[in-house]
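Source file: my_file09.cif. Holds: mmCIF, C-alpha atoms and all ligand atoms.
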data_structure
loop_
_atom_site.label_atom_id
_atom_site.label_comp_id
_atom_site.auth_asym_id
_atom_site.auth_seq_id
_atom_site.Cartn_x
_atom_site.Cartn_y
_atom_site.Cartn_z
CA MET A 1 -32.65 -44.58 -48.39
CA GLU A 2 -36.28 -45.31 -49.19
CA LEU A 3 -38.06 -48.11 -47.42
CA THR A 4 -41.67 -49.24 -47.54
CA VAL A 5 -42.89 -50.97 -44.39
CA ASN A 6 -46.47 -52.09 -43.88
CA GLY A 7 -47.57 -49.96 -46.82
CA LYS A 8 -45.95 -46.77 -45.54
CA GLY A 9 -42.92 -45.12 -47.16
CA HIS A 10 -39.94 -43.98 -45.09
CA SER A 11 -36.92 -41.86 -46.03
CA LEU A 12 -34.06 -42.96 -43.82
CA GLN A 13 -30.54 -41.62 -43.30
CA LEU A 14 -28.87 -44.74 -41.96
CA GLU A 15 -25.78 -46.83 -42.51
CA PRO A 16 -26.43 -49.22 -45.43
CA ASP A 17 -25.05 -52.17 -43.48
CA MET A 18 -27.48 -51.70 -40.60
CA PRO A 19 -29.55 -54.89 -40.25
CA LEU A 20 -33.20 -54.46 -41.19
CA LEU A 21 -34.21 -55.81 -37.76
CA TRP A 22 -32.71 -52.79 -36.01
CA VAL A 23 -34.19 -50.40 -38.53
CA LEU A 24 -37.61 -51.85 -37.79
CA ARG A 25 -37.23 -52.00 -34.03
CA ASP A 26 -35.06 -49.00 -33.17
CA GLU A 27 -35.81 -46.53 -35.95
CA LEU A 28 -39.45 -47.31 -36.75
CA GLY A 29 -40.59 -48.59 -33.35
CA LEU A 30 -41.94 -51.85 -34.76
CA THR A 31 -40.96 -54.09 -31.88
CA GLY A 32 -43.17 -57.04 -32.81
CA THR A 33 -40.26 -58.46 -34.80
CA LYS A 34 -37.93 -60.16 -32.33
CA TYR A 35 -34.22 -60.67 -31.89
CA GLY A 36 -33.18 -64.23 -31.16
CA CYS A 37 -29.89 -65.58 -32.45
CA GLY A 38 -28.75 -62.67 -34.61
CA ILE A 39 -27.17 -65.01 -37.14
CA GLY A 40 -30.07 -65.95 -39.38
CA ARG A 41 -30.84 -69.30 -37.79
CA CYS A 42 -33.80 -69.07 -35.43
CA GLY A 43 -36.31 -67.04 -37.44
CA ALA A 44 -37.56 -64.87 -34.57
CA CYS A 45 -36.78 -61.85 -36.76
CA THR A 46 -38.71 -63.08 -39.84
CA VAL A 47 -40.47 -60.43 -41.90
CA SER A 48 -41.88 -60.53 -45.40
CA MET A 49 -40.13 -58.82 -48.30
CA ASP A 50 -42.43 -58.76 -51.33
CA GLY A 51 -44.15 -61.86 -49.95
CA ALA A 52 -41.02 -63.89 -49.24
CA PRO A 53 -39.84 -64.59 -45.69
CA VAL A 54 -36.50 -62.99 -44.82
CA ARG A 55 -34.47 -63.03 -41.64
CA SER A 56 -34.16 -59.37 -40.86
CA CYS A 57 -31.27 -59.77 -38.41
CA SER A 58 -29.04 -60.80 -41.29
CA LEU A 59 -30.38 -58.53 -44.03
CA PRO A 60 -28.55 -55.22 -44.36
CA LEU A 61 -30.64 -52.22 -45.25
CA SER A 62 -28.82 -51.98 -48.60
CA ALA A 63 -30.14 -55.44 -49.54
CA VAL A 64 -33.78 -54.58 -48.94
CA THR A 65 -35.19 -54.58 -52.46
CA GLY A 66 -38.92 -54.79 -51.83
CA ALA A 67 -41.82 -53.83 -49.62
CA VAL A 68 -41.48 -55.10 -46.07
CA THR A 69 -44.37 -56.43 -44.01
CA THR A 70 -44.00 -57.06 -40.30
CA ILE A 71 -46.39 -58.65 -37.83
CA GLU A 72 -47.82 -55.17 -37.21
CA GLY A 73 -48.82 -54.96 -40.88
CA LEU A 74 -50.87 -58.15 -40.96
CA GLY A 75 -53.92 -57.26 -38.94
CA THR A 76 -55.23 -55.25 -36.02
CA THR A 77 -56.69 -56.36 -32.70
CA GLU A 78 -60.11 -55.47 -34.12
CA ALA A 79 -59.53 -57.20 -37.46
CA LEU A 80 -57.05 -60.04 -37.16
CA HIS A 81 -55.38 -61.56 -40.19
CA PRO A 82 -56.85 -65.05 -40.84
CA VAL A 83 -53.52 -66.62 -39.87
CA GLN A 84 -53.51 -64.71 -36.58
CA ARG A 85 -57.10 -65.88 -35.97
CA ALA A 86 -56.08 -69.49 -36.67
CA TRP A 87 -53.12 -69.09 -34.31
CA ILE A 88 -55.41 -68.04 -31.48
CA ASP A 89 -57.99 -70.74 -32.27
CA ALA A 90 -55.26 -73.40 -32.21
CA GLN A 91 -53.74 -71.87 -29.04
CA VAL A 92 -50.29 -72.03 -30.58
CA ALA A 93 -48.32 -69.67 -28.39
CA GLN A 94 -46.63 -70.65 -25.16
CA CYS A 95 -44.06 -68.01 -24.22
CA GLY A 96 -44.89 -66.28 -27.51
CA TYR A 97 -41.44 -64.92 -28.27
CA CYS A 98 -40.98 -66.61 -31.64
CA GLN A 99 -44.60 -66.33 -32.72
CA SER A 100 -44.49 -63.13 -34.73
CA GLY A 101 -41.78 -64.62 -36.92
CA GLN A 102 -43.68 -67.90 -37.15
CA ILE A 103 -46.89 -66.14 -38.20
CA VAL A 104 -45.15 -64.03 -40.85
CA ALA A 105 -43.46 -67.17 -42.22
CA ALA A 106 -46.85 -68.93 -42.30
CA VAL A 107 -48.47 -66.01 -44.12
CA CYS A 108 -45.71 -66.12 -46.76
CA LEU A 109 -46.18 -69.90 -47.11
CA LEU A 110 -49.94 -69.59 -47.59
CA GLN A 111 -49.52 -66.82 -50.15
CA GLU A 112 -47.36 -69.16 -52.21
CA TYR A 113 -49.30 -72.36 -51.45
CA PRO A 114 -52.89 -71.65 -50.34
CA GLU A 115 -53.35 -75.34 -49.52
CA PRO A 116 -49.87 -76.55 -48.60
CA THR A 117 -49.00 -80.20 -48.22
CA PRO A 118 -47.45 -81.31 -44.92
CA ALA A 119 -44.10 -81.49 -46.71
CA GLN A 120 -44.46 -77.91 -47.96
CA VAL A 121 -45.33 -76.77 -44.43
CA ASP A 122 -42.32 -78.52 -42.96
CA ALA A 123 -40.02 -77.18 -45.69
CA ALA A 124 -41.21 -73.60 -45.21
CA MET A 125 -41.51 -73.47 -41.43
CA THR A 126 -37.88 -73.52 -40.37
CA ASN A 127 -38.35 -71.09 -37.48
CA LEU A 128 -37.28 -72.44 -34.11
CA CYS A 129 -39.53 -72.51 -31.04
CA ARG A 130 -37.97 -73.30 -27.69
CA CYS A 131 -41.38 -74.20 -26.27
CA GLY A 132 -41.81 -76.81 -29.00
CA THR A 133 -45.14 -75.57 -30.39
CA TYR A 134 -44.45 -77.12 -33.79
CA GLU A 135 -47.48 -79.41 -33.82
CA ARG A 136 -49.83 -76.51 -33.05
CA VAL A 137 -48.08 -74.34 -35.66
CA ARG A 138 -48.91 -77.03 -38.25
CA MET A 139 -52.48 -77.22 -36.95
CA ALA A 140 -52.95 -73.46 -37.20
CA ILE A 141 -51.62 -73.40 -40.76
CA THR A 142 -54.06 -76.15 -41.70
CA ARG A 143 -56.92 -74.19 -40.13
CA ALA A 144 -55.89 -71.00 -41.91
CA ALA A 145 -55.74 -72.84 -45.22
CA ASP A 146 -59.33 -74.17 -44.89
FE1 LIG B 1 -32.68 -63.51 -36.92
FE2 LIG B 1 -32.48 -65.54 -35.21
S1 LIG B 1 -32.66 -63.40 -34.78
S2 LIG B 1 -32.70 -65.61 -37.37
#
Output the file's structure as structure tokens, nothing else.
Amino acid sequence: MELTVNGKGHSLQLEPDMPLLWVLRDELGLTGTKYGCGIGRCGACTVSMDGAPVRSCSLPLSAVTGAVTTIEGLGTTEALHPVQRAWIDAQVAQCGYCQSGQIVAAVCLLQEYPEPTPAQVDAAMTNLCRCGTYERVRMAITRAAD
């Protein structure tokens, strides 16, 4: 099975029903994408597939039809992605566990709507955060959109 992750191609011999999350974490060592609920609800496992947010815990490898981008593919510590920069400037993270999924979801949102309305932000950002950082998530998205 061929898979493109963060611009790099991989040939994988894996079960087609293996969730993408475990392919990323266990096979490719990309542990920035997190496991939360495992049933497609919380969004901790969000990655981008051809620019659309997908919940990788619930997406079998056989259903991956496009290029995957994880948090590791957005920027580097030397050259942060603008959304990552905005996240730091707005001091969004508390425990940080859900933040990689939140950031990937925000990047997908801003690719579709470079200047999203508050309603578009709320509709797109369905990821859960147990620390309740939602207001700062909205603030960071607004900063990134400026
Ligand atoms: Fe995938 Fe919660 S771990 S949505």
Mind dumping a table of every chain A residue within 7 Å of ligand LIG 1 (chain B), with the nearest atom pair and its distance in Å to one decimal, using all atoms listed in the file, sorted by chain and rising number, as a tab-separated table?
residue	atom	partner	partner_atom	distance
A:Lys34	CA	B:LIG1	S1	6.7
A:Tyr35	CA	B:LIG1	S1	4.3
A:Gly36	CA	B:LIG1	S1	3.8
A:Cys37	CA	B:LIG1	FE2	3.8
A:Gly38	CA	B:LIG1	S1	4.0
A:Ile39	CA	B:LIG1	S2	5.6
A:Gly40	CA	B:LIG1	S2	3.3
A:Arg41	CA	B:LIG1	S2	4.2
A:Cys42	CA	B:LIG1	FE2	3.8
A:Gly43	CA	B:LIG1	S2	3.9
A:Ala44	CA	B:LIG1	S1	5.1
A:Cys45	CA	B:LIG1	FE1	4.4
A:Thr46	CA	B:LIG1	FE1	6.7
A:Arg55	CA	B:LIG1	FE1	5.1
A:Ser56	CA	B:LIG1	FE1	5.9
A:Cys57	CA	B:LIG1	FE1	4.3
A:Ser58	CA	B:LIG1	FE1	6.3
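Among the candidates A:Thr133, A:Asn127, A:Gln111, A:Ser62, the one nearest to Val92 (chain A) when counting all atoms listed in the file is A:Thr133.
Minimum atom-to-atom distance to Cys108 (chain A), evaluated using all atoms listed in the file, belongs to A:Asp50 out of A:Asp146, A:Glu135, A:Glu27, A:Asp50.
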Let me make sure I understand: among A:Thr77, A:Thr65, A:Gln99, A:Gln91, which one has the smallest atom-to-atom distance to Arg143 (chain A) if we use all atoms listed in the file?
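Counting all atoms listed in the file, the residue closest to Arg143 (chain A) is A:Gln91.
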Residue nearest Ala124 (chain A) among A:Gly32, A:Pro60, A:Pro19, A:Pro53 (counting only C-alpha atoms):
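The shortest atom-to-atom distance to Ala124 (chain A) comes from A:Pro53.
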Here's a test: counting all atoms listed in the file, identify every protein, DNA and RNA residue with an atom at most 6 Å from (-31.5, -39.0, -47.0) in the file's coordinate frame, and state them as a tab-separated table (two decimals) with C-alpha atoms, in the frame of the given file.
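And here is the file that came out, result.tsv:
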chain	number	residue	atom	x	y	z
A	1	MET	CA	-32.65	-44.58	-48.39
A	12	LEU	CA	-34.06	-42.96	-43.82
A	13	GLN	CA	-30.54	-41.62	-43.30
Can you measure CA of Pro114 (chain A) to CA of Gly96 (chain A) for me? One decimal in Å is fine.
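About the pair CA of Pro114 (chain A) and CA of Gly96 (chain A): they are 24.8 Å apart.
Within 6 Å of Leu61 (chain A), once all atoms listed in the file are used and residues closer than 4 positions along the same chain are dropped, the contacting residues are Pro16, Asp17, Met18, Pro19 and Leu20 of chain A.
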Store the residues of this selection in a file with C-alpha atoms, as a PDB file, keeping the file's coordinate frame.
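Once everything was written out, this is part_15.pdb:
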ATOM      1  CA  PRO A  16     -26.430 -49.220 -45.430  1.00  0.00           C
ATOM      2  CA  ASP A  17     -25.050 -52.170 -43.480  1.00  0.00           C
ATOM      3  CA  MET A  18     -27.480 -51.700 -40.600  1.00  0.00           C
ATOM      4  CA  PRO A  19     -29.550 -54.890 -40.250  1.00  0.00           C
ATOM      5  CA  LEU A  20     -33.200 -54.460 -41.190  1.00  0.00           C
TER       6      LEU A  20
END
Just give me the gap between CA of Pro118 (chain A) and CA of Ala106 (chain A) in Å, one decimal is fine.
12.7 Å
Env of Thr33 (chain A): 9 Å cut, atoms = only C-alpha atoms, seq-sep filter 6 positions within chain, self excluded. Answer as a PyMOL selection string.
chain A and resi 21+24-25+44-47+56+70-72+98+100-101
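Nearest to Ala86 (chain A) of all the residues A:Ala140, A:Val68, A:Met49, A:Leu30 is A:Ala140, counting all atoms listed in the file.
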Nearest to Ala105 (chain A) among A:Met125, A:Ile88, A:Ile141, A:Leu59, with distances taken over only C-alpha atoms: which residue is it?
A:Met125
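Note that the spacing between CA of Val83 (chain A) and CA of Ile103 (chain A) amounts to 6.9 Å.
Summary of the local environment: counting all atoms listed in the file, residues at most 10 Å from Gly7 (chain A), other than itself and those fewer than 3 positions away along its chain, are Leu3, Thr4, His10, Ala67, Val68, Thr69 and Gly73 of chain A.
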Residues at most 12 Å from Ala119 (chain A), counting only C-alpha atoms, excluding those fewer than 6 positions away in the same chain, as a PDB file with C-alpha atoms, in the coordinates of the input?
ATOM      1  CA  LEU A 109     -46.180 -69.900 -47.110  1.00  0.00           C
ATOM      2  CA  TYR A 113     -49.300 -72.360 -51.450  1.00  0.00           C
ATOM      3  CA  MET A 125     -41.510 -73.470 -41.430  1.00  0.00           C
ATOM      4  CA  THR A 126     -37.880 -73.520 -40.370  1.00  0.00           C
ATOM      5  CA  ARG A 138     -48.910 -77.030 -38.250  1.00  0.00           C
TER       6      ARG A 138
END
